[in-house]
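What's in coords_28.tsv: TSV, C-alpha atoms (C1' of nucleotides)
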chain	number	residue	atom	x	y	z
M	1	MET	CA	0.00	0.00	0.00
M	2	LYS	CA	1.11	3.46	-0.90
M	3	THR	CA	4.23	2.18	-2.54
M	4	ASP	CA	3.22	4.62	-5.25
M	5	THR	CA	4.05	7.91	-3.57
M	6	SER	CA	7.82	7.65	-3.52
M	7	ARG	CA	9.99	10.11	-5.36
M	8	TYR	CA	11.22	7.36	-7.66
M	9	VAL	CA	7.75	6.15	-8.57
M	10	LYS	CA	6.57	9.69	-9.24
M	11	GLU	CA	9.43	10.08	-11.68
M	12	LEU	CA	8.46	6.80	-13.28
M	13	VAL	CA	4.97	8.16	-13.78
M	14	GLU	CA	6.31	11.28	-15.47
M	15	THR	CA	8.56	9.25	-17.74
M	16	ILE	CA	5.82	6.85	-18.73
M	17	GLY	CA	3.51	9.80	-19.25
M	18	VAL	CA	5.91	11.29	-21.75
M	19	VAL	CA	6.29	8.01	-23.63
M	20	VAL	CA	2.52	7.65	-23.90
M	21	GLU	CA	2.25	11.27	-24.95
M	22	LYS	CA	4.77	10.69	-27.74
M	23	ALA	CA	2.62	7.80	-28.87
M	24	GLY	CA	0.01	10.41	-29.79
M	25	PHE	CA	-2.05	10.84	-26.65
M	26	GLN	CA	-2.66	14.02	-24.73
M	27	PRO	CA	-0.30	14.75	-21.86
M	28	ALA	CA	-2.93	14.26	-19.19
M	29	VAL	CA	-3.96	10.93	-20.71
M	30	GLY	CA	-0.42	9.66	-20.40
M	31	ARG	CA	-0.20	10.75	-16.76
M	32	VAL	CA	-3.47	9.10	-15.83
M	33	LEU	CA	-2.48	5.88	-17.53
M	34	ALA	CA	0.88	5.86	-15.80
M	35	CYS	CA	-0.72	6.67	-12.48
M	36	LEU	CA	-2.94	3.61	-12.79
M	37	MET	CA	0.06	1.48	-13.67
M	38	VAL	CA	1.88	2.26	-10.45
M	39	SER	CA	-1.24	2.44	-8.33
M	40	ASP	CA	-1.12	0.11	-5.36
M	41	PRO	CA	-3.82	-1.17	-5.04
M	42	PRO	CA	-4.21	-1.29	-8.81
M	43	TYR	CA	-7.28	0.92	-8.82
M	44	LYS	CA	-7.98	4.48	-7.83
M	45	THR	CA	-11.04	6.66	-7.50
M	46	PHE	CA	-11.56	9.73	-9.62
M	47	ASP	CA	-10.38	12.11	-6.98
M	48	GLU	CA	-7.47	9.96	-5.86
M	49	ILE	CA	-6.24	10.25	-9.42
M	50	GLN	CA	-6.86	13.96	-9.40
M	51	ARG	CA	-4.99	14.49	-6.16
M	52	TYR	CA	-2.19	12.14	-7.13
M	53	LEU	CA	-1.53	14.05	-10.32
M	54	GLY	CA	-2.56	17.51	-9.17
M	55	ILE	CA	-4.59	18.24	-12.28
M	56	SER	CA	-8.13	19.52	-12.79
M	57	LYS	CA	-11.29	17.46	-12.67
M	58	SER	CA	-12.00	18.14	-16.32
M	59	ALA	CA	-8.57	16.88	-17.29
M	60	VAL	CA	-9.12	13.69	-15.31
M	61	SER	CA	-12.58	13.22	-16.74
M	62	ASN	CA	-11.44	13.71	-20.32
M	63	ALA	CA	-8.46	11.45	-19.88
M	64	LEU	CA	-10.45	8.64	-18.28
M	65	ASN	CA	-13.09	8.81	-20.97
M	66	ALA	CA	-10.49	8.81	-23.72
M	67	LEU	CA	-8.87	5.75	-22.18
M	68	MET	CA	-12.16	3.98	-21.54
M	69	SER	CA	-13.34	4.58	-25.09
M	70	ARG	CA	-10.23	2.69	-26.22
M	71	GLU	CA	-10.83	0.06	-23.54
M	72	MET	CA	-7.44	0.75	-22.02
M	73	VAL	CA	-9.05	1.54	-18.68
M	74	ASP	CA	-12.21	0.29	-17.06
M	75	TYR	CA	-13.75	0.57	-13.62
M	76	ILE	CA	-15.31	-1.54	-10.96
M	77	THR	CA	-17.85	-0.50	-8.38
M	78	LYS	CA	-18.46	-1.78	-4.91
M	79	PRO	CA	-22.02	-2.69	-3.95
M	80	GLY	CA	-23.93	0.24	-2.54
M	81	VAL	CA	-21.17	2.73	-3.41
M	82	ARG	CA	-21.61	5.10	-6.29
M	83	ARG	CA	-17.92	5.88	-6.56
M	84	ARG	CA	-16.05	4.15	-9.36
M	85	TYR	CA	-12.68	2.45	-8.98
M	86	PHE	CA	-10.72	2.96	-12.16
M	87	GLN	CA	-8.11	0.46	-13.18
M	88	LEU	CA	-5.84	-0.34	-16.04
M	89	ALA	CA	-7.29	-2.84	-18.53
M	90	THR	CA	-4.14	-4.54	-19.75
M	91	ALA	CA	-6.02	-6.75	-22.19
M	92	GLY	CA	-7.40	-3.63	-23.82
M	93	MET	CA	-3.97	-2.04	-23.78
M	94	ILE	CA	-2.52	-4.98	-25.64
M	95	SER	CA	-5.26	-5.07	-28.24
M	96	GLN	CA	-4.89	-1.33	-28.69
M	97	MET	CA	-1.19	-1.87	-29.34
M	98	LYS	CA	-1.98	-4.63	-31.80
M	99	LYS	CA	-4.32	-2.30	-33.62
M	100	ARG	CA	-1.66	0.39	-33.84
M	101	LEU	CA	0.97	-2.03	-35.02
M	102	SER	CA	-1.25	-3.43	-37.73
M	103	LEU	CA	-0.98	-0.13	-39.60
M	104	HIS	CA	-3.34	-1.22	-42.39
M	105	SER	CA	-2.36	2.03	-44.08
M	106	ALA	CA	-3.70	3.10	-47.43
M	107	MET	CA	-0.16	3.80	-48.54
M	108	PRO	CA	0.76	0.62	-50.44
M	109	GLU	CA	-2.40	0.87	-52.49
M	110	LEU	CA	-1.89	4.58	-53.12
M	111	LEU	CA	1.65	4.02	-54.28
M	112	ARG	CA	0.46	1.42	-56.76
M	113	ALA	CA	-2.14	3.89	-57.99
M	114	VAL	CA	0.60	6.48	-58.45
M	115	VAL	CA	2.71	4.14	-60.51
M	116	GLU	CA	-0.35	3.22	-62.53
M	117	ALA	CA	-0.94	6.88	-63.30
M	118	ARG	CA	2.67	7.65	-64.19
M	119	SER	CA	4.19	7.47	-67.64
M	120	ASN	CA	6.68	4.69	-68.28
M	121	LYS	CA	9.45	7.10	-69.14
M	122	TYR	CA	11.22	6.66	-65.81
M	123	PRO	CA	11.02	2.95	-65.14
M	124	LYS	CA	13.68	3.10	-62.44
M	125	PHE	CA	11.69	5.58	-60.42
M	126	ASN	CA	8.50	3.60	-60.95
M	127	ARG	CA	10.32	0.46	-59.78
M	128	SER	CA	11.41	2.32	-56.63
M	129	LEU	CA	7.88	3.43	-55.87
M	130	LEU	CA	6.67	-0.12	-56.28
M	131	GLU	CA	9.41	-1.40	-54.03
M	132	THR	CA	8.34	1.07	-51.36
M	133	SER	CA	4.80	-0.16	-51.70
M	134	GLU	CA	5.95	-3.75	-51.49
M	135	PHE	CA	8.03	-3.06	-48.42
M	136	LEU	CA	5.02	-1.68	-46.60
M	137	SER	CA	2.81	-4.58	-47.66
M	138	PHE	CA	5.50	-7.02	-46.60
M	139	MET	CA	5.84	-5.42	-43.18
M	140	GLU	CA	2.10	-5.37	-42.72
M	141	LYS	CA	1.88	-9.07	-43.41
M	142	GLU	CA	4.87	-9.89	-41.22
M	143	ILE	CA	3.48	-7.89	-38.34
M	144	SER	CA	0.11	-9.52	-38.50
M	145	GLY	CA	1.91	-12.84	-38.64
M	146	ALA	CA	3.87	-11.91	-35.53
M	147	ILE	CA	0.66	-11.03	-33.73
M	148	ASP	CA	-0.80	-14.41	-34.64
M	149	LYS	CA	2.36	-16.04	-33.39
M	150	TRP	CA	2.03	-14.23	-30.06
M	151	GLU	CA	-1.56	-15.28	-29.76
M	152	ALA	CA	-0.69	-18.89	-30.48
M	153	LEU	CA	2.00	-18.71	-27.84
M	154	LYS	CA	-0.44	-17.34	-25.30
M	155	ALA	CA	-3.03	-19.95	-26.18
M	156	LYS	CA	-0.52	-22.71	-25.64
M	157	LYS	CA	0.63	-21.37	-22.29
M	158	LEU	CA	-2.84	-21.45	-20.79
P	1	MET	CA	5.40	14.54	-69.35
P	2	LYS	CA	2.81	16.43	-67.46
P	3	THR	CA	0.91	13.31	-66.61
P	4	ASP	CA	0.82	14.86	-63.19
P	5	THR	CA	-1.66	17.66	-63.73
P	6	SER	CA	-4.81	15.64	-64.29
P	7	ARG	CA	-7.75	15.94	-61.95
P	8	TYR	CA	-7.27	12.37	-60.83
P	9	VAL	CA	-3.60	12.78	-60.02
P	10	LYS	CA	-4.27	15.97	-58.10
P	11	GLU	CA	-6.73	14.07	-55.98
P	12	LEU	CA	-4.14	11.37	-55.46
P	13	VAL	CA	-1.75	14.01	-54.21
P	14	GLU	CA	-4.30	15.30	-51.73
P	15	THR	CA	-5.07	11.81	-50.48
P	16	ILE	CA	-1.44	10.88	-50.06
P	17	GLY	CA	-0.84	14.21	-48.39
P	18	VAL	CA	-3.46	13.39	-45.80
P	19	VAL	CA	-2.01	9.94	-45.16
P	20	VAL	CA	1.46	11.40	-44.64
P	21	GLU	CA	-0.02	14.09	-42.44
P	22	LYS	CA	-1.66	11.46	-40.27
P	23	ALA	CA	1.71	9.81	-39.94
P	24	GLY	CA	2.76	12.87	-37.96
P	25	PHE	CA	4.08	15.29	-40.57
P	26	GLN	CA	2.90	18.81	-41.27
P	27	PRO	CA	0.25	19.17	-43.95
P	28	ALA	CA	2.56	20.98	-46.34
P	29	VAL	CA	5.20	18.28	-45.91
P	30	GLY	CA	2.72	15.64	-46.98
P	31	ARG	CA	1.71	17.63	-50.04
P	32	VAL	CA	5.27	18.20	-51.14
P	33	LEU	CA	6.13	14.55	-50.70
P	34	ALA	CA	3.08	13.48	-52.66
P	35	CYS	CA	3.81	16.03	-55.36
P	36	LEU	CA	7.26	14.54	-55.86
P	37	MET	CA	5.79	11.05	-56.03
P	38	VAL	CA	3.56	11.89	-58.97
P	39	SER	CA	6.00	14.28	-60.60
P	40	ASP	CA	6.80	13.33	-64.15
P	41	PRO	CA	9.75	13.71	-64.61
P	42	PRO	CA	10.46	12.56	-61.06
P	43	TYR	CA	12.03	15.83	-60.03
P	44	LYS	CA	10.81	19.38	-59.72
P	45	THR	CA	12.37	22.72	-59.01
P	46	PHE	CA	11.50	24.75	-55.95
P	47	ASP	CA	9.08	26.96	-57.77
P	48	GLU	CA	7.51	24.20	-59.80
P	49	ILE	CA	6.59	22.64	-56.49
P	50	GLN	CA	5.32	25.94	-55.24
P	51	ARG	CA	3.17	26.56	-58.28
P	52	TYR	CA	1.97	22.95	-58.42
P	53	LEU	CA	0.72	23.10	-54.86
P	54	GLY	CA	-0.16	26.78	-54.70
P	55	ILE	CA	1.51	27.32	-51.34
P	56	SER	CA	3.98	29.91	-50.11
P	57	LYS	CA	7.72	29.81	-50.60
P	58	SER	CA	8.30	29.49	-46.88
P	59	ALA	CA	6.01	26.50	-46.70
P	60	VAL	CA	7.89	24.85	-49.55
P	61	SER	CA	11.24	25.68	-48.02
P	62	ASN	CA	10.26	24.32	-44.59
P	63	ALA	CA	8.78	21.18	-46.06
P	64	LEU	CA	11.76	20.42	-48.29
P	65	ASN	CA	14.18	20.95	-45.44
P	66	ALA	CA	12.15	18.75	-43.12
P	67	LEU	CA	12.13	16.02	-45.75
P	68	MET	CA	15.80	16.42	-46.61
P	69	SER	CA	16.81	16.27	-42.96
P	70	ARG	CA	15.15	12.85	-42.85
P	71	GLU	CA	16.75	11.93	-46.17
P	72	MET	CA	13.35	11.34	-47.70
P	73	VAL	CA	14.07	13.89	-50.41
P	74	ASP	CA	17.29	14.98	-52.03
P	75	TYR	CA	18.20	17.10	-55.01
P	76	ILE	CA	20.38	17.04	-58.07
P	77	THR	CA	21.84	19.98	-59.88
P	78	LYS	CA	22.73	20.45	-63.50
P	79	PRO	CA	26.17	21.76	-64.37
P	80	GLY	CA	26.31	25.53	-64.49
P	81	VAL	CA	22.77	25.89	-63.12
P	82	ARG	CA	22.20	27.06	-59.61
P	83	ARG	CA	18.65	25.79	-59.47
P	84	ARG	CA	18.08	22.54	-57.59
P	85	TYR	CA	15.98	19.66	-58.85
P	86	PHE	CA	14.29	18.02	-55.89
P	87	GLN	CA	13.34	14.40	-56.02
P	88	LEU	CA	12.00	11.69	-53.82
P	89	ALA	CA	14.68	9.55	-52.18
P	90	THR	CA	12.88	6.24	-51.92
P	91	ALA	CA	15.81	4.55	-50.20
P	92	GLY	CA	15.62	7.18	-47.49
P	93	MET	CA	11.85	6.79	-47.35
P	94	ILE	CA	12.21	3.10	-46.72
P	95	SER	CA	14.85	3.49	-44.04
P	96	GLN	CA	12.71	6.15	-42.43
P	97	MET	CA	9.84	3.66	-42.36
P	98	LYS	CA	12.10	1.00	-40.92
P	99	LYS	CA	13.12	3.40	-38.20
P	100	ARG	CA	9.50	4.17	-37.35
P	101	LEU	CA	8.54	0.52	-37.33
P	102	SER	CA	11.41	-0.45	-35.07
P	103	LEU	CA	9.75	1.42	-32.20
P	104	HIS	CA	12.60	0.66	-29.79
P	105	SER	CA	10.37	2.27	-27.21
P	106	ALA	CA	11.35	2.60	-23.59
P	107	MET	CA	8.04	1.07	-22.63
P	108	PRO	CA	8.96	-2.59	-21.99
P	109	GLU	CA	11.78	-1.52	-19.72
P	110	LEU	CA	9.60	1.00	-17.92
P	111	LEU	CA	6.92	-1.58	-17.33
P	112	ARG	CA	9.46	-3.91	-15.78
P	113	ALA	CA	10.62	-1.06	-13.57
P	114	VAL	CA	7.03	-0.45	-12.51
P	115	VAL	CA	6.54	-4.08	-11.53
P	116	GLU	CA	9.85	-3.97	-9.70
P	117	ALA	CA	8.64	-1.00	-7.70
P	118	ARG	CA	5.23	-2.45	-6.91
P	119	SER	CA	4.32	-4.50	-3.86
P	120	ASN	CA	3.59	-8.16	-4.39
P	121	LYS	CA	0.10	-7.86	-3.02
P	122	TYR	CA	-1.53	-7.97	-6.42
P	123	PRO	CA	0.37	-10.65	-8.28
P	124	LYS	CA	-2.25	-10.94	-10.98
P	125	PHE	CA	-1.94	-7.29	-11.89
P	126	ASN	CA	1.83	-7.50	-11.80
P	127	ARG	CA	1.66	-10.50	-14.10
P	128	SER	CA	-0.49	-8.52	-16.53
P	129	LEU	CA	1.96	-5.64	-16.57
P	130	LEU	CA	4.79	-8.03	-17.29
P	131	GLU	CA	2.81	-9.65	-20.05
P	132	THR	CA	2.27	-6.26	-21.63
P	133	SER	CA	5.97	-5.61	-21.43
P	134	GLU	CA	6.72	-9.00	-22.95
P	135	PHE	CA	4.28	-8.42	-25.76
P	136	LEU	CA	6.03	-5.22	-26.73
P	137	SER	CA	9.48	-6.81	-26.54
P	138	PHE	CA	8.23	-9.71	-28.60
P	139	MET	CA	6.83	-7.44	-31.29
P	140	GLU	CA	10.00	-5.41	-31.36
P	141	LYS	CA	12.08	-8.49	-31.95
P	142	GLU	CA	9.69	-9.84	-34.56
P	143	ILE	CA	9.64	-6.58	-36.43
P	144	SER	CA	13.37	-6.27	-36.53
P	145	GLY	CA	13.45	-9.87	-37.71
P	146	ALA	CA	11.01	-9.02	-40.47
P	147	ILE	CA	13.19	-6.11	-41.55
P	148	ASP	CA	16.21	-8.41	-41.72
P	149	LYS	CA	14.15	-10.84	-43.74
P	150	TRP	CA	13.24	-8.10	-46.20
P	151	GLU	CA	16.84	-7.06	-46.50
P	152	ALA	CA	17.93	-10.63	-47.13
P	153	LEU	CA	15.27	-10.90	-49.79
P	154	LYS	CA	16.47	-7.73	-51.48
P	155	ALA	CA	20.08	-8.86	-51.28
P	156	LYS	CA	19.22	-12.12	-52.97
P	157	LYS	CA	17.28	-10.45	-55.77
P	158	LEU	CA	20.21	-8.30	-56.87
Z	1	DT	C1'	27.49	48.49	-60.53
Z	2	DG	C1'	22.86	47.23	-60.16
Z	3	DG	C1'	19.36	43.65	-61.21
Z	4	DT	C1'	17.63	38.90	-61.27
Z	5	DT	C1'	17.29	34.17	-59.62
Z	6	DG	C1'	16.82	30.70	-56.06
Z	7	DG	C1'	16.02	30.00	-51.72
Z	8	DT	C1'	16.08	31.08	-46.38
Z	9	DT	C1'	14.66	33.40	-42.35
Z	10	DC	C1'	11.73	36.57	-39.78
Z	11	DT	C1'	7.34	38.49	-38.46
Z	12	DG	C1'	2.55	38.39	-37.89
Z	13	DT	C1'	-1.54	35.87	-37.56
Z	14	DA	C1'	-5.39	32.49	-37.83
Z	15	DC	C1'	-6.25	28.22	-36.14
Z	16	DT	C1'	-5.78	24.39	-32.94
Z	17	DT	C1'	-4.70	22.09	-28.42
Z	18	DG	C1'	-5.05	21.17	-23.74
Z	19	DC	C1'	-6.23	22.37	-19.66
Z	20	DA	C1'	-8.23	25.14	-15.55
Z	21	DG	C1'	-12.20	26.64	-13.28
Z	22	DA	C1'	-16.94	27.12	-12.91
Z	23	DA	C1'	-21.37	25.85	-13.87
Z	24	DC	C1'	-24.09	21.95	-14.22
Z	25	DA	C1'	-26.41	17.29	-13.48
Z	26	DA	C1'	-27.81	13.09	-11.23
Z	27	DA	C1'	-27.84	10.23	-7.48
Z	28	DA	C1'	-27.57	9.53	-2.71
Z	29	DA	C1'	-27.68	11.12	2.11
Z	30	DG	C1'	-29.56	13.81	5.73
V	1	DC	C1'	-36.60	19.28	0.13
V	2	DT	C1'	-31.70	20.54	0.87
V	3	DT	C1'	-26.93	19.18	0.85
V	4	DT	C1'	-23.19	16.31	-0.45
V	5	DT	C1'	-20.88	13.23	-3.47
V	6	DT	C1'	-19.28	11.89	-7.98
V	7	DG	C1'	-18.55	13.01	-11.90
V	8	DT	C1'	-19.54	15.72	-16.84
V	9	DT	C1'	-19.79	19.61	-19.75
V	10	DC	C1'	-19.05	24.47	-20.92
V	11	DT	C1'	-16.34	28.68	-21.18
V	12	DG	C1'	-12.21	31.03	-21.56
V	13	DC	C1'	-7.50	31.42	-22.01
V	14	DA	C1'	-2.42	30.45	-22.60
V	15	DA	C1'	0.57	28.13	-25.42
V	16	DG	C1'	1.78	25.91	-29.60
V	17	DT	C1'	1.32	25.02	-34.91
V	18	DA	C1'	1.49	25.96	-39.57
V	19	DC	C1'	1.52	28.94	-42.86
V	20	DA	C1'	1.51	33.56	-45.64
V	21	DG	C1'	4.05	37.48	-46.88
V	22	DA	C1'	7.90	40.25	-46.65
V	23	DA	C1'	12.46	41.09	-45.76
V	24	DC	C1'	16.62	39.25	-46.54
V	25	DC	C1'	20.86	37.11	-48.57
V	26	DA	C1'	24.11	34.98	-51.64
V	27	DA	C1'	25.27	33.82	-56.26
V	28	DC	C1'	25.21	34.78	-60.87
V	29	DC	C1'	24.19	38.11	-64.72
V	30	DA	C1'	24.10	42.31	-67.53
Mind converting the file's structure to C-alpha cells?
Amino acid sequence: MKTDTSRYVKELVETIGVVVEKAGFQPAVGRVLACLMVSDPPYKTFDEIQRYLGISKSAVSNALNALMSREMVDYITKPGVRRRYFQLATAGMISQMKKRLSLHSAMPELLRAVVEARSNKYPKFNRSLLETSEFLSFMEKEISGAIDKWEALKAKKL
Amino acid sequence: MKTDTSRYVKELVETIGVVVEKAGFQPAVGRVLACLMVSDPPYKTFDEIQRYLGISKSAVSNALNALMSREMVDYITKPGVRRRYFQLATAGMISQMKKRLSLHSAMPELLRAVVEARSNKYPKFNRSLLETSEFLSFMEKEISGAIDKWEALKAKKL
DNA sequence: TGGTTGGTTCTGTACTTGCAGAACAAAAAG
DNA sequence: CTTTTTGTTCTGCAAGTACAGAACCAACCA
C-alpha cells in the first residue's frame, strides 16, 4: 500500500507519461495511464487520481473517458457505493497496441495507384515506388503474422 | 510529361498528403512529398513545387528541409545551373519507415521497472503488466526480424 | 554596378490544443 | 426538500502550430 508515492515512482509516472504522450495521446492521458500502472492497489477513484496528479477534474474526466473509449481503462464498483474504482485494462492495452501495429495504411495501395498513373518514361523511379509499396505490404503481413504467433503462444501457455 | 496535372492525379496528391499528415508530418510536408511522387519527370524545381501546390515559398522551403533532414528527399543539380531539382529519395523513405517501425520504445523496460517498484500484493496485476511488457518486446524483436528478412530478400534479388 | 534568380529566415496571424475553473447534473444522504 | 458526493460539460484562455508574406541574402548576370 502506498508504494506509489515515492519520489522514484513519481518520476516513473512522469517518464511513462511522456512516452505515452509521444505515442500520440494528450499529456494528461499519459499521466493518468501511468498513475494507474503504479497504483497500489491497482485501482484508484476519480479524486485519488486527481490528487495524485494535481490536475483539474476536467482533465481527469477527459483522460479517463479517452482511455475507456479505447478500452485501455475500465472501472469496478463496490455494492452500494456510487464511486467508481478505475483500473488499467491490460487486455485492452494490448489489443490497442496490436491495432496500432497493424498499420493497415492506405499507402501501399496509393503508391500502386501512383505508378499506374505515371508514364513509363522513368522505369527506375517507378520500380522504386513499387518497391516502397511492397516493403510496406510485406511489413504489414509480417506484423500480423507476428501477432498471430504471439496469440498462439499465449493460447498454448494457458 | 505532365501526366501529373490531371484531376485524378491531383486528388491522389491530396489523399497521399493526408495519409502522410496522419503519420505525424505537417500538412505541407505531406503535399510536397506526394507532389514529388507523382511528378513526371520525377524531379521538380522549388518553384515548380510551389506553383503545383499553390503554397507559399516558406512552406515549400520548410517542407523540403524537413524532408531532406530525414533523407526522404534529395536534389540534383545540373552543371552551371544554380537551381536545384528536388526528387523523392525512396531509399531514405524506406529506411525512415524502418526506423519508425522499429519502435525501440522505452516502454517494456519502464513496465518492468514499474513491476519492480510495486508491492507483491496484487500478483495478478503484476503478471499482466509483465505480459504487456513481454508483448512489446516480442513485437520489437519480430519486427526487426522481419526487416532483416526483407533485407535478405532484397540482397538475394540483386 | 545594379538587377535577377533561387532559396532562407523573420514576423505576424489564424487556427488548434489542452487544460483550468466554474457551472451543471444526477444520485444519494440527511 | 436541501446538501453532499461523484462526476460531466461548458467557457475562456495560454501556449503551440502551420503557414503567408515580406524582408533578406548569396550567387550569378548584364
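Minimum atom-to-atom distances from V:DA30, V:DC10, V:DC25, V:DC1 to chain M were compared using all atoms listed in the file, and the lowest value belongs to V:DC10.
By chain and then residue number, the residues within 8 Å of V:DC19 are Ser56, Ser58 and Ala59 of chain P, counting all atoms listed in the file and disregarding those fewer than 6 positions away in sequence.
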Which one of P:Lys10, P:Glu142, P:Ala28, P:Val19 sits closest to V:DA18 if you count all atoms listed in the file? P:Ala28
Using all atoms listed in the file, find all polymer residues with an atom at most 7 Å away from the point (-3.0, 12.8, -15.2); report them as a PyMOL selection string. chain M and resi 28-32+53+55+60
Give one line per residue of chain V that approaches chain M to at most 10 Å, naming the two atoms of the closest pair and their distance in Å to one decimal, counting all atoms listed in the file; sort by chain then ascending residue number and deliver it as CSV.
residue,atom,partner,partner_atom,distance
V:DT5,C1',M:Arg83,CA,8.5
V:DT6,C1',M:Arg83,CA,6.3
V:DG7,C1',M:Ser61,CA,7.7
V:DT8,C1',M:Ser61,CA,7.4
V:DT9,C1',M:Ser58,CA,8.6
Excluding same-chain residues fewer than 5 positions from stretch 11-17 of chain Z, what lies within 10 Å of it counting all atoms listed in the file, as a short mmCIF file (atom, residue, chain, number, x, y, z; two decimals) with C-alpha atoms (C1' of nucleotides), in the frame of the given file?
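Writing the result to selection-v4.cif gives the following:
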data_model
loop_
_atom_site.label_atom_id
_atom_site.label_comp_id
_atom_site.auth_asym_id
_atom_site.auth_seq_id
_atom_site.Cartn_x
_atom_site.Cartn_y
_atom_site.Cartn_z
CA GLN M 26 -2.66 14.02 -24.73
"C1'" DA V 15 0.57 28.13 -25.42
"C1'" DG V 16 1.78 25.91 -29.60
"C1'" DT V 17 1.32 25.02 -34.91
"C1'" DA V 18 1.49 25.96 -39.57
"C1'" DC V 19 1.52 28.94 -42.86
"C1'" DA V 20 1.51 33.56 -45.64
"C1'" DG V 21 4.05 37.48 -46.88
"C1'" DA V 22 7.90 40.25 -46.65
"C1'" DA V 23 12.46 41.09 -45.76
#
Using only C-alpha atoms (C1' of nucleotides), which residues sit within 8 Å of M:Tyr122 once same-chain residues fewer than 4 positions away are excluded, as a PyMOL selection string? (chain M and resi 126) or (chain P and resi 41-42)
Residues of chain Z within 8 Å of chain M, counting only C-alpha atoms (C1' of nucleotides) - could you list those as a ChimeraX atom specification? /Z:18-20
For each of P:Met37, P:Arg7, P:Thr77, P:Ser137, take the minimum atom-to-atom distance to chain M, counting all atoms listed in the file, then give the residue where this is smallest. P:Met37
What's the 12 Å shell around P:Val115, counting all atoms listed in the file, without same-chain residues fewer than 6 positions away, as a list of chain:residue names?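 With the cut-off at 12 Å, the set is M:Thr3, M:Asp4, M:Val9, M:Leu12, M:Met37, M:Val38, M:Ser39, M:Asp40, M:Pro42, P:Pro108, P:Glu109, P:Lys121, P:Tyr122, P:Pro123, P:Lys124, P:Phe125, P:Asn126, P:Arg127, P:Ser128, P:Leu129, P:Leu130, P:Glu131, P:Thr132, P:Ser133.
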Atom CA of M:Gln96 to atom CA of M:Ala146, straight-line distance in Å: 15.3 Å
Might you pull out every residue within 10 Å of M:Ser144, with all atoms listed in the file counted and same-chain residues fewer than 4 positions away left off, and present them as a ChimeraX atom specification? /M:98-99,101-104,139-140,148-150
Nearest to chain P: which of M:Val18, M:Asp74, M:Tyr85, M:Asn65 is it, counting all atoms listed in the file?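 Of all the options, M:Val18 lies closest to chain P.
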If you count all atoms listed in the file, the residue of V:DC24, V:DC29, V:DT2, V:DG12 closest to Z:DC10 turns out to be V:DC24
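The spacing separating atom CA of M:Met93 from atom CA of P:Lys22 amounts to 21.4 Å.
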Given only C-alpha atoms as the basis, pick out the residue of P:Tyr52, P:Phe86, P:Phe135, P:Phe25 nearest to chain M. P:Phe135
In Å, with one decimal, what is the gap from atom CA of M:Leu111 to atom CA of M:Glu134?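 Calculated distance between atom CA of M:Leu111 and atom CA of M:Glu134 is 9.3 Å.
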Enumerate, as a PyMOL selection string, the protein, DNA and RNA residues whose atoms approach (24.1, 34.7, -58.6) to within 9 Å, taking into account all atoms listed in the file and the coordinate frame of the file. (chain P and resi 82) or (chain Z and resi 4-6) or (chain V and resi 26-29)
For the selection you just gave me, I'd like the residues written to a file as a PDB file, in the frame of the given file, keeping C-alpha atoms (C1' of nucleotides).
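Output contents, as saved in out-v1.pdb:
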ATOM      1  CA  ARG P  82      22.200  27.060 -59.610  1.00  0.00           C
TER       2      ARG P  82
ATOM      3  C1'  DT Z   4      17.630  38.900 -61.270  1.00  0.00           C
ATOM      4  C1'  DT Z   5      17.290  34.170 -59.620  1.00  0.00           C
ATOM      5  C1'  DG Z   6      16.820  30.700 -56.060  1.00  0.00           C
TER       6       DG Z   6
ATOM      7  C1'  DA V  26      24.110  34.980 -51.640  1.00  0.00           C
ATOM      8  C1'  DA V  27      25.270  33.820 -56.260  1.00  0.00           C
ATOM      9  C1'  DC V  28      25.210  34.780 -60.870  1.00  0.00           C
ATOM     10  C1'  DC V  29      24.190  38.110 -64.720  1.00  0.00           C
TER      11       DC V  29
END
